[in-house]
$ cat target.cif   # mmCIF, N, CA and C atoms
data_work
#
loop_
_atom_site.group_PDB
_atom_site.id
_atom_site.type_symbol
_atom_site.label_atom_id
_atom_site.label_comp_id
_atom_site.auth_asym_id
_atom_site.auth_seq_id
_atom_site.Cartn_x
_atom_site.Cartn_y
_atom_site.Cartn_z
ATOM 1 N N MET A 1 149.265 78.195 -127.457
ATOM 2 C CA MET A 1 148.022 77.723 -126.894
ATOM 3 C C MET A 1 148.191 76.362 -126.217
ATOM 4 N N LYS A 2 149.040 75.504 -126.756
ATOM 5 C CA LYS A 2 149.268 74.192 -126.167
ATOM 6 C C LYS A 2 149.789 74.298 -124.744
ATOM 7 N N THR A 3 150.660 75.243 -124.499
ATOM 8 C CA THR A 3 151.230 75.374 -123.162
ATOM 9 C C THR A 3 150.162 75.755 -122.144
ATOM 10 N N PHE A 4 149.124 76.432 -122.569
ATOM 11 C CA PHE A 4 148.041 76.818 -121.676
ATOM 12 C C PHE A 4 147.089 75.644 -121.426
ATOM 13 N N ALA A 5 146.794 74.849 -122.442
ATOM 14 C CA ALA A 5 145.844 73.749 -122.322
ATOM 15 C C ALA A 5 146.405 72.608 -121.469
ATOM 16 N N THR A 6 147.692 72.376 -121.535
ATOM 17 C CA THR A 6 148.279 71.254 -120.797
ATOM 18 C C THR A 6 148.119 71.413 -119.292
ATOM 19 N N PRO A 7 148.436 72.574 -118.689
ATOM 20 C CA PRO A 7 148.233 72.703 -117.240
ATOM 21 C C PRO A 7 146.763 72.571 -116.841
ATOM 22 N N ILE A 8 145.862 73.066 -117.656
ATOM 23 C CA ILE A 8 144.437 72.963 -117.332
ATOM 24 C C ILE A 8 144.006 71.506 -117.369
ATOM 25 N N LEU A 9 144.431 70.778 -118.398
ATOM 26 C CA LEU A 9 144.094 69.369 -118.513
ATOM 27 C C LEU A 9 144.684 68.588 -117.345
ATOM 28 N N ALA A 10 145.926 68.858 -117.022
ATOM 29 C CA ALA A 10 146.576 68.159 -115.907
ATOM 30 C C ALA A 10 145.856 68.465 -114.602
ATOM 31 N N GLY A 11 145.458 69.721 -114.405
ATOM 32 C CA GLY A 11 144.732 70.088 -113.193
ATOM 33 C C GLY A 11 143.385 69.395 -113.111
ATOM 34 N N GLY A 12 142.703 69.286 -114.246
ATOM 35 C CA GLY A 12 141.410 68.593 -114.284
ATOM 36 C C GLY A 12 141.556 67.121 -113.963
ATOM 37 N N LEU A 13 142.606 66.497 -114.485
ATOM 38 C CA LEU A 13 142.843 65.083 -114.194
ATOM 39 C C LEU A 13 143.167 64.872 -112.724
ATOM 40 N N ALA A 14 143.923 65.780 -112.149
ATOM 41 C CA ALA A 14 144.257 65.671 -110.729
ATOM 42 C C ALA A 14 142.994 65.771 -109.875
ATOM 43 N N LEU A 15 142.084 66.666 -110.229
ATOM 44 C CA LEU A 15 140.833 66.795 -109.488
ATOM 45 C C LEU A 15 139.979 65.548 -109.636
ATOM 46 N N ALA A 16 139.917 64.987 -110.840
ATOM 47 C CA ALA A 16 139.130 63.776 -111.065
ATOM 48 C C ALA A 16 139.698 62.611 -110.268
ATOM 49 N N ALA A 17 141.009 62.504 -110.212
ATOM 50 C CA ALA A 17 141.635 61.408 -109.471
ATOM 51 C C ALA A 17 141.413 61.553 -107.972
ATOM 52 N N ALA A 18 141.281 62.778 -107.493
ATOM 53 C CA ALA A 18 141.103 63.023 -106.065
ATOM 54 C C ALA A 18 139.645 62.939 -105.632
ATOM 55 N N ALA A 19 138.721 62.823 -106.593
ATOM 56 C CA ALA A 19 137.303 62.774 -106.256
ATOM 57 C C ALA A 19 137.005 61.522 -105.437
ATOM 58 N N PRO A 20 136.160 61.651 -104.430
ATOM 59 C CA PRO A 20 135.837 60.484 -103.609
ATOM 60 C C PRO A 20 135.042 59.459 -104.403
ATOM 61 N N ALA A 21 135.108 58.207 -103.958
ATOM 62 C CA ALA A 21 134.340 57.139 -104.587
ATOM 63 C C ALA A 21 132.853 57.426 -104.395
ATOM 64 N N ALA A 22 132.042 56.870 -105.260
ATOM 65 C CA ALA A 22 130.600 57.076 -105.167
ATOM 66 C C ALA A 22 130.089 56.550 -103.829
ATOM 67 N N GLU A 23 129.136 57.242 -103.283
ATOM 68 C CA GLU A 23 128.525 56.822 -102.021
ATOM 69 C C GLU A 23 127.807 55.497 -102.242
ATOM 70 N N PRO A 24 127.874 54.591 -101.260
ATOM 71 C CA PRO A 24 127.150 53.329 -101.407
ATOM 72 C C PRO A 24 125.644 53.584 -101.376
ATOM 73 N N THR A 25 124.901 52.706 -102.022
ATOM 74 C CA THR A 25 123.448 52.808 -101.975
ATOM 75 C C THR A 25 122.982 52.542 -100.545
ATOM 76 N N ALA A 26 121.760 52.894 -100.245
ATOM 77 C CA ALA A 26 121.227 52.660 -98.901
ATOM 78 C C ALA A 26 121.269 51.175 -98.528
ATOM 79 N N PRO A 27 120.867 50.252 -99.428
ATOM 80 C CA PRO A 27 120.961 48.841 -99.057
ATOM 81 C C PRO A 27 122.409 48.374 -98.846
ATOM 82 N N GLU A 28 123.335 48.864 -99.651
ATOM 83 C CA GLU A 28 124.739 48.496 -99.455
ATOM 84 C C GLU A 28 125.243 49.028 -98.119
ATOM 85 N N ALA A 29 124.882 50.241 -97.788
ATOM 86 C CA ALA A 29 125.277 50.808 -96.488
ATOM 87 C C ALA A 29 124.670 49.992 -95.347
ATOM 88 N N LEU A 30 123.433 49.541 -95.519
ATOM 89 C CA LEU A 30 122.791 48.703 -94.518
ATOM 90 C C LEU A 30 123.546 47.374 -94.376
ATOM 91 N N ALA A 31 123.942 46.782 -95.504
ATOM 92 C CA ALA A 31 124.699 45.525 -95.471
ATOM 93 C C ALA A 31 126.033 45.716 -94.762
ATOM 94 N N ARG A 32 126.698 46.819 -95.039
ATOM 95 C CA ARG A 32 127.979 47.098 -94.379
ATOM 96 C C ARG A 32 127.781 47.308 -92.877
ATOM 97 N N ALA A 33 126.774 48.077 -92.501
ATOM 98 C CA ALA A 33 126.513 48.356 -91.091
ATOM 99 C C ALA A 33 126.068 47.101 -90.343
ATOM 100 N N SER A 34 125.455 46.159 -91.052
ATOM 101 C CA SER A 34 124.953 44.934 -90.425
ATOM 102 C C SER A 34 126.003 43.836 -90.350
ATOM 103 N N GLY A 35 127.174 44.084 -90.909
ATOM 104 C CA GLY A 35 128.246 43.096 -90.851
ATOM 105 C C GLY A 35 128.235 42.070 -91.967
ATOM 106 N N CYS A 36 127.386 42.237 -92.943
ATOM 107 C CA CYS A 36 127.273 41.260 -94.031
ATOM 108 C C CYS A 36 128.575 41.130 -94.828
ATOM 109 N N PHE A 37 129.308 42.242 -94.938
ATOM 110 C CA PHE A 37 130.539 42.228 -95.725
ATOM 111 C C PHE A 37 131.696 41.545 -94.982
ATOM 112 N N THR A 38 131.443 41.084 -93.769
ATOM 113 C CA THR A 38 132.446 40.290 -93.066
ATOM 114 C C THR A 38 132.620 38.946 -93.776
ATOM 115 N N CYS A 39 131.528 38.409 -94.286
ATOM 116 C CA CYS A 39 131.554 37.085 -94.927
ATOM 117 C C CYS A 39 131.273 37.120 -96.424
ATOM 118 N N HIS A 40 130.680 38.187 -96.917
ATOM 119 C CA HIS A 40 130.287 38.273 -98.335
ATOM 120 C C HIS A 40 130.918 39.496 -98.989
ATOM 121 N N ALA A 41 131.135 39.405 -100.291
ATOM 122 C CA ALA A 41 131.597 40.536 -101.102
ATOM 123 C C ALA A 41 130.680 40.639 -102.313
ATOM 124 N N LEU A 42 130.750 41.759 -103.000
ATOM 125 C CA LEU A 42 129.908 41.942 -104.176
ATOM 126 C C LEU A 42 130.247 40.959 -105.287
ATOM 127 N N ASP A 43 131.540 40.776 -105.554
ATOM 128 C CA ASP A 43 131.924 40.059 -106.768
ATOM 129 C C ASP A 43 132.928 38.929 -106.576
ATOM 130 N N ARG A 44 133.179 38.526 -105.333
ATOM 131 C CA ARG A 44 134.103 37.408 -105.101
ATOM 132 C C ARG A 44 133.719 36.686 -103.822
ATOM 133 N N LYS A 45 134.057 35.407 -103.781
ATOM 134 C CA LYS A 45 133.774 34.587 -102.616
ATOM 135 C C LYS A 45 134.712 34.980 -101.475
ATOM 136 N N LEU A 46 134.174 35.128 -100.306
ATOM 137 C CA LEU A 46 134.971 35.285 -99.086
ATOM 138 C C LEU A 46 134.711 34.025 -98.262
ATOM 139 N N ILE A 47 134.133 34.173 -97.120
ATOM 140 C CA ILE A 47 133.710 33.017 -96.334
ATOM 141 C C ILE A 47 132.454 32.435 -96.976
ATOM 142 N N GLY A 48 131.571 33.326 -97.384
ATOM 143 C CA GLY A 48 130.343 32.938 -98.079
ATOM 144 C C GLY A 48 130.416 33.366 -99.529
ATOM 145 N N PRO A 49 129.410 33.032 -100.308
ATOM 146 C CA PRO A 49 129.407 33.364 -101.731
ATOM 147 C C PRO A 49 129.269 34.869 -101.973
ATOM 148 N N SER A 50 129.664 35.287 -103.166
ATOM 149 C CA SER A 50 129.490 36.693 -103.535
ATOM 150 C C SER A 50 128.012 36.975 -103.763
ATOM 151 N N TYR A 51 127.654 38.233 -103.666
ATOM 152 C CA TYR A 51 126.268 38.609 -103.923
ATOM 153 C C TYR A 51 125.896 38.342 -105.381
ATOM 154 N N ARG A 52 126.829 38.503 -106.288
ATOM 155 C CA ARG A 52 126.560 38.196 -107.700
ATOM 156 C C ARG A 52 126.261 36.713 -107.891
ATOM 157 N N ASP A 53 127.011 35.847 -107.204
ATOM 158 C CA ASP A 53 126.767 34.403 -107.313
ATOM 159 C C ASP A 53 125.402 34.034 -106.727
ATOM 160 N N ILE A 54 125.042 34.666 -105.626
ATOM 161 C CA ILE A 54 123.728 34.402 -105.028
ATOM 162 C C ILE A 54 122.630 34.827 -105.995
ATOM 163 N N ALA A 55 122.758 36.030 -106.547
ATOM 164 C CA ALA A 55 121.746 36.520 -107.488
ATOM 165 C C ALA A 55 121.636 35.592 -108.696
ATOM 166 N N ALA A 56 122.776 35.131 -109.208
ATOM 167 C CA ALA A 56 122.760 34.236 -110.371
ATOM 168 C C ALA A 56 122.075 32.913 -110.041
ATOM 169 N N ARG A 57 122.355 32.363 -108.870
ATOM 170 C CA ARG A 57 121.757 31.074 -108.490
ATOM 171 C C ARG A 57 120.239 31.179 -108.376
ATOM 172 N N TYR A 58 119.742 32.288 -107.860
ATOM 173 C CA TYR A 58 118.316 32.421 -107.613
ATOM 174 C C TYR A 58 117.559 33.152 -108.722
ATOM 175 N N ARG A 59 118.271 33.586 -109.751
ATOM 176 C CA ARG A 59 117.617 34.309 -110.848
ATOM 177 C C ARG A 59 116.524 33.437 -111.462
ATOM 178 N N GLY A 60 115.349 33.984 -111.588
ATOM 179 C CA GLY A 60 114.229 33.269 -112.193
ATOM 180 C C GLY A 60 113.407 32.455 -111.203
ATOM 181 N N SER A 61 113.849 32.356 -109.970
ATOM 182 C CA SER A 61 113.113 31.591 -108.966
ATOM 183 C C SER A 61 111.982 32.436 -108.399
ATOM 184 N N ARG A 62 110.805 31.875 -108.391
ATOM 185 C CA ARG A 62 109.648 32.593 -107.844
ATOM 186 C C ARG A 62 109.676 32.653 -106.320
ATOM 187 N N THR A 63 110.426 31.759 -105.719
ATOM 188 C CA THR A 63 110.463 31.693 -104.259
ATOM 189 C C THR A 63 111.758 32.260 -103.675
ATOM 190 N N ALA A 64 112.580 32.881 -104.506
ATOM 191 C CA ALA A 64 113.895 33.356 -104.069
ATOM 192 C C ALA A 64 113.810 34.314 -102.889
ATOM 193 N N GLN A 65 112.911 35.283 -102.953
ATOM 194 C CA GLN A 65 112.837 36.268 -101.873
ATOM 195 C C GLN A 65 112.505 35.605 -100.540
ATOM 196 N N ALA A 66 111.534 34.728 -100.549
ATOM 197 C CA ALA A 66 111.133 34.052 -99.316
ATOM 198 C C ALA A 66 112.240 33.124 -98.813
ATOM 199 N N GLU A 67 112.874 32.390 -99.727
ATOM 200 C CA GLU A 67 113.958 31.484 -99.336
ATOM 201 C C GLU A 67 115.125 32.243 -98.710
ATOM 202 N N LEU A 68 115.540 33.311 -99.373
ATOM 203 C CA LEU A 68 116.675 34.075 -98.859
ATOM 204 C C LEU A 68 116.327 34.809 -97.568
ATOM 205 N N PHE A 69 115.103 35.282 -97.464
ATOM 206 C CA PHE A 69 114.672 35.916 -96.215
ATOM 207 C C PHE A 69 114.865 34.926 -95.067
ATOM 208 N N GLU A 70 114.392 33.691 -95.243
ATOM 209 C CA GLU A 70 114.521 32.667 -94.202
ATOM 210 C C GLU A 70 115.973 32.338 -93.906
ATOM 211 N N LYS A 71 116.812 32.258 -94.947
ATOM 212 C CA LYS A 71 118.228 31.941 -94.739
ATOM 213 C C LYS A 71 118.932 33.051 -93.961
ATOM 214 N N VAL A 72 118.602 34.289 -94.256
ATOM 215 C CA VAL A 72 119.218 35.392 -93.523
ATOM 216 C C VAL A 72 118.720 35.388 -92.078
ATOM 217 N N LYS A 73 117.428 35.273 -91.906
ATOM 218 C CA LYS A 73 116.829 35.343 -90.559
ATOM 219 C C LYS A 73 117.227 34.151 -89.681
ATOM 220 N N SER A 74 117.154 32.935 -90.252
ATOM 221 C CA SER A 74 117.340 31.721 -89.452
ATOM 222 C C SER A 74 118.693 31.055 -89.629
ATOM 223 N N GLY A 75 119.449 31.489 -90.610
ATOM 224 C CA GLY A 75 120.726 30.849 -90.900
ATOM 225 C C GLY A 75 120.538 29.722 -91.904
ATOM 226 N N GLY A 76 121.624 29.169 -92.349
ATOM 227 C CA GLY A 76 121.533 28.094 -93.330
ATOM 228 C C GLY A 76 122.835 27.316 -93.391
ATOM 229 N N ARG A 77 122.760 26.188 -94.075
ATOM 230 C CA ARG A 77 123.938 25.336 -94.208
ATOM 231 C C ARG A 77 123.752 24.402 -95.397
ATOM 232 N N GLY A 78 124.847 24.142 -96.095
ATOM 233 C CA GLY A 78 124.846 23.116 -97.117
ATOM 234 C C GLY A 78 124.585 23.565 -98.537
ATOM 235 N N VAL A 79 124.042 24.744 -98.733
ATOM 236 C CA VAL A 79 123.761 25.208 -100.095
ATOM 237 C C VAL A 79 125.047 25.636 -100.792
ATOM 238 N N TRP A 80 125.955 26.273 -100.074
ATOM 239 C CA TRP A 80 127.190 26.806 -100.638
ATOM 240 C C TRP A 80 128.426 26.104 -100.093
ATOM 241 N N GLY A 81 128.244 25.036 -99.380
ATOM 242 C CA GLY A 81 129.372 24.332 -98.790
ATOM 243 C C GLY A 81 129.107 24.021 -97.330
ATOM 244 N N ASP A 82 130.156 23.660 -96.625
ATOM 245 C CA ASP A 82 130.009 23.223 -95.239
ATOM 246 C C ASP A 82 129.969 24.361 -94.220
ATOM 247 N N VAL A 83 130.402 25.554 -94.597
ATOM 248 C CA VAL A 83 130.427 26.659 -93.641
ATOM 249 C C VAL A 83 129.000 27.185 -93.463
ATOM 250 N N PRO A 84 128.469 27.134 -92.250
ATOM 251 C CA PRO A 84 127.096 27.599 -92.031
ATOM 252 C C PRO A 84 127.012 29.125 -92.013
ATOM 253 N N MET A 85 125.860 29.624 -92.389
ATOM 254 C CA MET A 85 125.575 31.048 -92.223
ATOM 255 C C MET A 85 124.821 31.180 -90.916
ATOM 256 N N PRO A 86 125.371 31.936 -89.978
ATOM 257 C CA PRO A 86 124.674 32.081 -88.700
ATOM 258 C C PRO A 86 123.386 32.883 -88.869
ATOM 259 N N PRO A 87 122.409 32.640 -88.006
ATOM 260 C CA PRO A 87 121.160 33.399 -88.080
ATOM 261 C C PRO A 87 121.417 34.885 -87.832
ATOM 262 N N GLN A 88 120.669 35.693 -88.517
ATOM 263 C CA GLN A 88 120.755 37.148 -88.360
ATOM 264 C C GLN A 88 119.430 37.671 -87.809
ATOM 265 N N ALA A 89 118.916 36.976 -86.814
ATOM 266 C CA ALA A 89 117.606 37.286 -86.239
ATOM 267 C C ALA A 89 117.558 38.660 -85.575
ATOM 268 N N HIS A 90 118.715 39.251 -85.312
ATOM 269 C CA HIS A 90 118.740 40.583 -84.693
ATOM 270 C C HIS A 90 118.333 41.682 -85.674
ATOM 271 N N LEU A 91 118.345 41.357 -86.972
ATOM 272 C CA LEU A 91 117.953 42.348 -87.976
ATOM 273 C C LEU A 91 116.430 42.458 -88.049
ATOM 274 N N LYS A 92 115.957 43.657 -88.285
ATOM 275 C CA LYS A 92 114.520 43.869 -88.469
ATOM 276 C C LYS A 92 114.085 43.189 -89.763
ATOM 277 N N ASP A 93 112.857 42.682 -89.785
ATOM 278 C CA ASP A 93 112.336 42.019 -90.981
ATOM 279 C C ASP A 93 112.396 42.937 -92.203
ATOM 280 N N GLU A 94 112.057 44.212 -92.015
ATOM 281 C CA GLU A 94 112.100 45.164 -93.141
ATOM 282 C C GLU A 94 113.518 45.303 -93.691
ATOM 283 N N ASP A 95 114.502 45.315 -92.803
ATOM 284 C CA ASP A 95 115.894 45.408 -93.245
ATOM 285 C C ASP A 95 116.317 44.151 -94.001
ATOM 286 N N ILE A 96 115.872 42.994 -93.525
ATOM 287 C CA ILE A 96 116.194 41.751 -94.238
ATOM 288 C C ILE A 96 115.572 41.773 -95.625
ATOM 289 N N LYS A 97 114.339 42.208 -95.739
ATOM 290 C CA LYS A 97 113.676 42.298 -97.049
ATOM 291 C C LYS A 97 114.446 43.229 -97.973
ATOM 292 N N THR A 98 114.876 44.362 -97.450
ATOM 293 C CA THR A 98 115.664 45.321 -98.243
ATOM 294 C C THR A 98 116.959 44.679 -98.720
ATOM 295 N N LEU A 99 117.646 43.988 -97.826
ATOM 296 C CA LEU A 99 118.913 43.341 -98.184
ATOM 297 C C LEU A 99 118.709 42.246 -99.229
ATOM 298 N N VAL A 100 117.680 41.445 -99.058
ATOM 299 C CA VAL A 100 117.416 40.355 -99.999
ATOM 300 C C VAL A 100 117.124 40.909 -101.391
ATOM 301 N N LEU A 101 116.301 41.927 -101.482
ATOM 302 C CA LEU A 101 116.010 42.528 -102.797
ATOM 303 C C LEU A 101 117.265 43.093 -103.429
ATOM 304 N N TRP A 102 118.116 43.720 -102.626
ATOM 305 C CA TRP A 102 119.373 44.275 -103.129
ATOM 306 C C TRP A 102 120.292 43.156 -103.623
ATOM 307 N N ILE A 103 120.410 42.087 -102.851
ATOM 308 C CA ILE A 103 121.271 40.964 -103.248
ATOM 309 C C ILE A 103 120.763 40.360 -104.546
ATOM 310 N N LEU A 104 119.464 40.153 -104.664
ATOM 311 C CA LEU A 104 118.897 39.552 -105.868
ATOM 312 C C LEU A 104 119.044 40.441 -107.096
ATOM 313 N N SER A 105 119.271 41.736 -106.879
ATOM 314 C CA SER A 105 119.430 42.652 -108.022
ATOM 315 C C SER A 105 120.887 42.764 -108.487
ATOM 316 N N ALA A 106 121.796 42.056 -107.828
ATOM 317 C CA ALA A 106 123.223 42.136 -108.204
ATOM 318 C C ALA A 106 123.392 41.684 -109.654
ATOM 319 N N PRO A 107 124.146 42.451 -110.423
ATOM 320 C CA PRO A 107 124.318 42.097 -111.851
ATOM 321 C C PRO A 107 125.162 40.855 -112.051
#
$ encode --input "target.cif" --output "structure tokens"
Amino acid sequence: MKTFATPILAGGLALAAAAPAAEPTAPEALARASGCFTCHALDRKLIGPSYRDIAARYRGSRTAQAELFEKVKSGGRGVWGDVPMPPQAHLKDEDIKTLVLWILSAP
């Protein structure tokens, strides 16, 4: 019986390893399509801070959504260092709101 179970187990592991990664959420896909991942990553600093660091900094702030909306739309400088965040005024307001809520929900 062992000789039969081993090939099945090995085949199952091979299928699991070949499975595609989970599809990104709609807000993550929007962030990728909008170029946000050029400067930001989920869990590490690139040019700008990670989304987790942003969420941690603004956690508990009643004005976080409005502040971040303005920073995304108009750009910002000095909060995370000397590198400015260019304005993203080309994004629709609804898309910015979606992105801000997603960023603030980062664990």
$ residues_around --input "target.cif" --residues "range 39-56 of chain A" --least-positions-apart "2" --cutoff "6 Å" --atoms "all atoms listed in the file" --output "PDB file with N, CA and C atoms, in the frame of the given file"
ATOM      1  N   GLY A  35     127.174  44.084 -90.909  1.00  0.00           N
ATOM      2  CA  GLY A  35     128.246  43.096 -90.851  1.00  0.00           C
ATOM      3  C   GLY A  35     128.235  42.070 -91.967  1.00  0.00           C
ATOM      4  N   CYS A  36     127.386  42.237 -92.943  1.00  0.00           N
ATOM      5  CA  CYS A  36     127.273  41.260 -94.031  1.00  0.00           C
ATOM      6  C   CYS A  36     128.575  41.130 -94.828  1.00  0.00           C
ATOM      7  N   PHE A  37     129.308  42.242 -94.938  1.00  0.00           N
ATOM      8  CA  PHE A  37     130.539  42.228 -95.725  1.00  0.00           C
ATOM      9  C   PHE A  37     131.696  41.545 -94.982  1.00  0.00           C
ATOM     10  N   TYR A  58     119.742  32.288-107.860  1.00  0.00           N
ATOM     11  CA  TYR A  58     118.316  32.421-107.613  1.00  0.00           C
ATOM     12  C   TYR A  58     117.559  33.152-108.722  1.00  0.00           C
ATOM     13  N   ARG A  59     118.271  33.586-109.751  1.00  0.00           N
ATOM     14  CA  ARG A  59     117.617  34.309-110.848  1.00  0.00           C
ATOM     15  C   ARG A  59     116.524  33.437-111.462  1.00  0.00           C
ATOM     16  N   ILE A 103     120.410  42.087-102.851  1.00  0.00           N
ATOM     17  CA  ILE A 103     121.271  40.964-103.248  1.00  0.00           C
ATOM     18  C   ILE A 103     120.763  40.360-104.546  1.00  0.00           C
ATOM     19  N   LEU A 104     119.464  40.153-104.664  1.00  0.00           N
ATOM     20  CA  LEU A 104     118.897  39.552-105.868  1.00  0.00           C
ATOM     21  C   LEU A 104     119.044  40.441-107.096  1.00  0.00           C
ATOM     22  N   SER A 105     119.271  41.736-106.879  1.00  0.00           N
ATOM     23  CA  SER A 105     119.430  42.652-108.022  1.00  0.00           C
ATOM     24  C   SER A 105     120.887  42.764-108.487  1.00  0.00           C
ATOM     25  N   ALA A 106     121.796  42.056-107.828  1.00  0.00           N
ATOM     26  CA  ALA A 106     123.223  42.136-108.204  1.00  0.00           C
ATOM     27  C   ALA A 106     123.392  41.684-109.654  1.00  0.00           C
ATOM     28  N   PRO A 107     124.146  42.451-110.423  1.00  0.00           N
ATOM     29  CA  PRO A 107     124.318  42.097-111.851  1.00  0.00           C
ATOM     30  C   PRO A 107     125.162  40.855-112.051  1.00  0.00           C
TER      31      PRO A 107
END
$ atom_distance --input "target.cif" --atom1 "CA of Asp82 in chain A" --atom2 "CA of Leu30 in chain A"
26.5 Å
$ residues_around --input "target.cif" --residues "range 61-78 of chain A" --least-positions-apart "4" --cutoff "6.5 Å" --atoms "all atoms listed in the file" --output "VMD selection string"
chain A and resid 82 to 89 96 to 97 100
$ closest_residue --input "target.cif" --among "A:Ser34, A:Trp102, A:Gly60, A:Pro27" --to "His90 in chain A" --atoms "only C-alpha atoms"
A:Ser34
$ select_by_dssp --input "target.cif" --residues "chain A" --states "strand (DSSP E or B)" --output "ChimeraX atom specification"
/A:40,45,76,85
$ axis_aligned_box --input "target.cif" --around "range 89-99 of chain A" --padding-each-side "3 Å" --output "lines of an AutoDock Vina configuration file"
center_x = 115.5
center_y = 41.2
center_z = -92.0
size_x = 12.9
size_y = 14.4
size_z = 20.5
$ atom_distance --input "target.cif" --atom1 "CA of Glu23 in chain A" --atom2 "CA of Thr98 in chain A"
17.7 Å
$ select_by_dssp --input "target.cif" --residues "chain A" --states "alpha helix (DSSP H)" --output "PyMOL selection string"
chain A and resi 2-18+26-33+51-58+64-74+93-104
$ atom_distance --input "target.cif" --atom1 "CA of Leu99 in chain A" --atom2 "atom C of Ala26 in chain A"
8.2 Å
$ decode --input "target.cif" --residues "range 24-43 of chain A" --atoms "N, CA and C atoms" --output "CSV table (one decimal), in the first residue's frame"
chain,number,residue,atom,x,y,z
A,24,PRO,N,-4.6,39.1,-7.2
A,24,PRO,CA,-4.6,40.2,-6.3
A,24,PRO,C,-6.1,40.7,-6.1
A,25,THR,N,-6.3,41.4,-5.0
A,25,THR,CA,-7.6,42.0,-4.8
A,25,THR,C,-7.8,43.1,-5.8
A,26,ALA,N,-9.0,43.6,-6.0
A,26,ALA,CA,-9.3,44.7,-6.9
A,26,ALA,C,-8.5,45.9,-6.5
A,27,PRO,N,-8.4,46.3,-5.3
A,27,PRO,CA,-7.6,47.5,-5.0
A,27,PRO,C,-6.1,47.3,-5.2
A,28,GLU,N,-5.6,46.1,-5.0
A,28,GLU,CA,-4.2,45.9,-5.3
A,28,GLU,C,-4.0,45.9,-6.8
A,29,ALA,N,-4.9,45.4,-7.5
A,29,ALA,CA,-4.8,45.4,-9.0
A,29,ALA,C,-4.8,46.9,-9.5
A,30,LEU,N,-5.7,47.7,-8.9
A,30,LEU,CA,-5.8,49.1,-9.2
A,30,LEU,C,-4.4,49.8,-8.9
A,31,ALA,N,-3.8,49.5,-7.7
A,31,ALA,CA,-2.6,50.1,-7.4
A,31,ALA,C,-1.5,49.7,-8.3
A,32,ARG,N,-1.5,48.4,-8.8
A,32,ARG,CA,-0.5,48.0,-9.7
A,32,ARG,C,-0.7,48.7,-11.1
A,33,ALA,N,-1.9,48.7,-11.5
A,33,ALA,CA,-2.2,49.4,-12.8
A,33,ALA,C,-1.9,50.9,-12.8
A,34,SER,N,-2.0,51.5,-11.6
A,34,SER,CA,-1.8,52.9,-11.5
A,34,SER,C,-0.4,53.3,-11.3
A,35,GLY,N,0.5,52.3,-11.2
A,35,GLY,CA,1.9,52.6,-11.0
A,35,GLY,C,2.4,52.8,-9.6
A,36,CYS,N,1.5,52.5,-8.6
A,36,CYS,CA,1.9,52.8,-7.2
A,36,CYS,C,3.0,51.9,-6.8
A,37,PHE,N,3.1,50.7,-7.3
A,37,PHE,CA,4.1,49.7,-6.9
A,37,PHE,C,5.5,50.1,-7.5
A,38,THR,N,5.6,51.1,-8.3
A,38,THR,CA,6.9,51.6,-8.7
A,38,THR,C,7.7,52.2,-7.5
A,39,CYS,N,7.0,52.8,-6.6
A,39,CYS,CA,7.6,53.4,-5.5
A,39,CYS,C,7.3,52.8,-4.1
A,40,HIS,N,6.2,52.0,-4.1
A,40,HIS,CA,5.8,51.4,-2.8
A,40,HIS,C,5.7,49.9,-2.9
A,41,ALA,N,5.8,49.2,-1.8
A,41,ALA,CA,5.6,47.8,-1.7
A,41,ALA,C,4.7,47.5,-0.5
A,42,LEU,N,4.2,46.3,-0.5
A,42,LEU,CA,3.3,46.0,0.7
A,42,LEU,C,4.1,46.0,2.0
A,43,ASP,N,5.3,45.4,2.0
A,43,ASP,CA,5.9,45.1,3.3
A,43,ASP,C,7.3,45.6,3.4
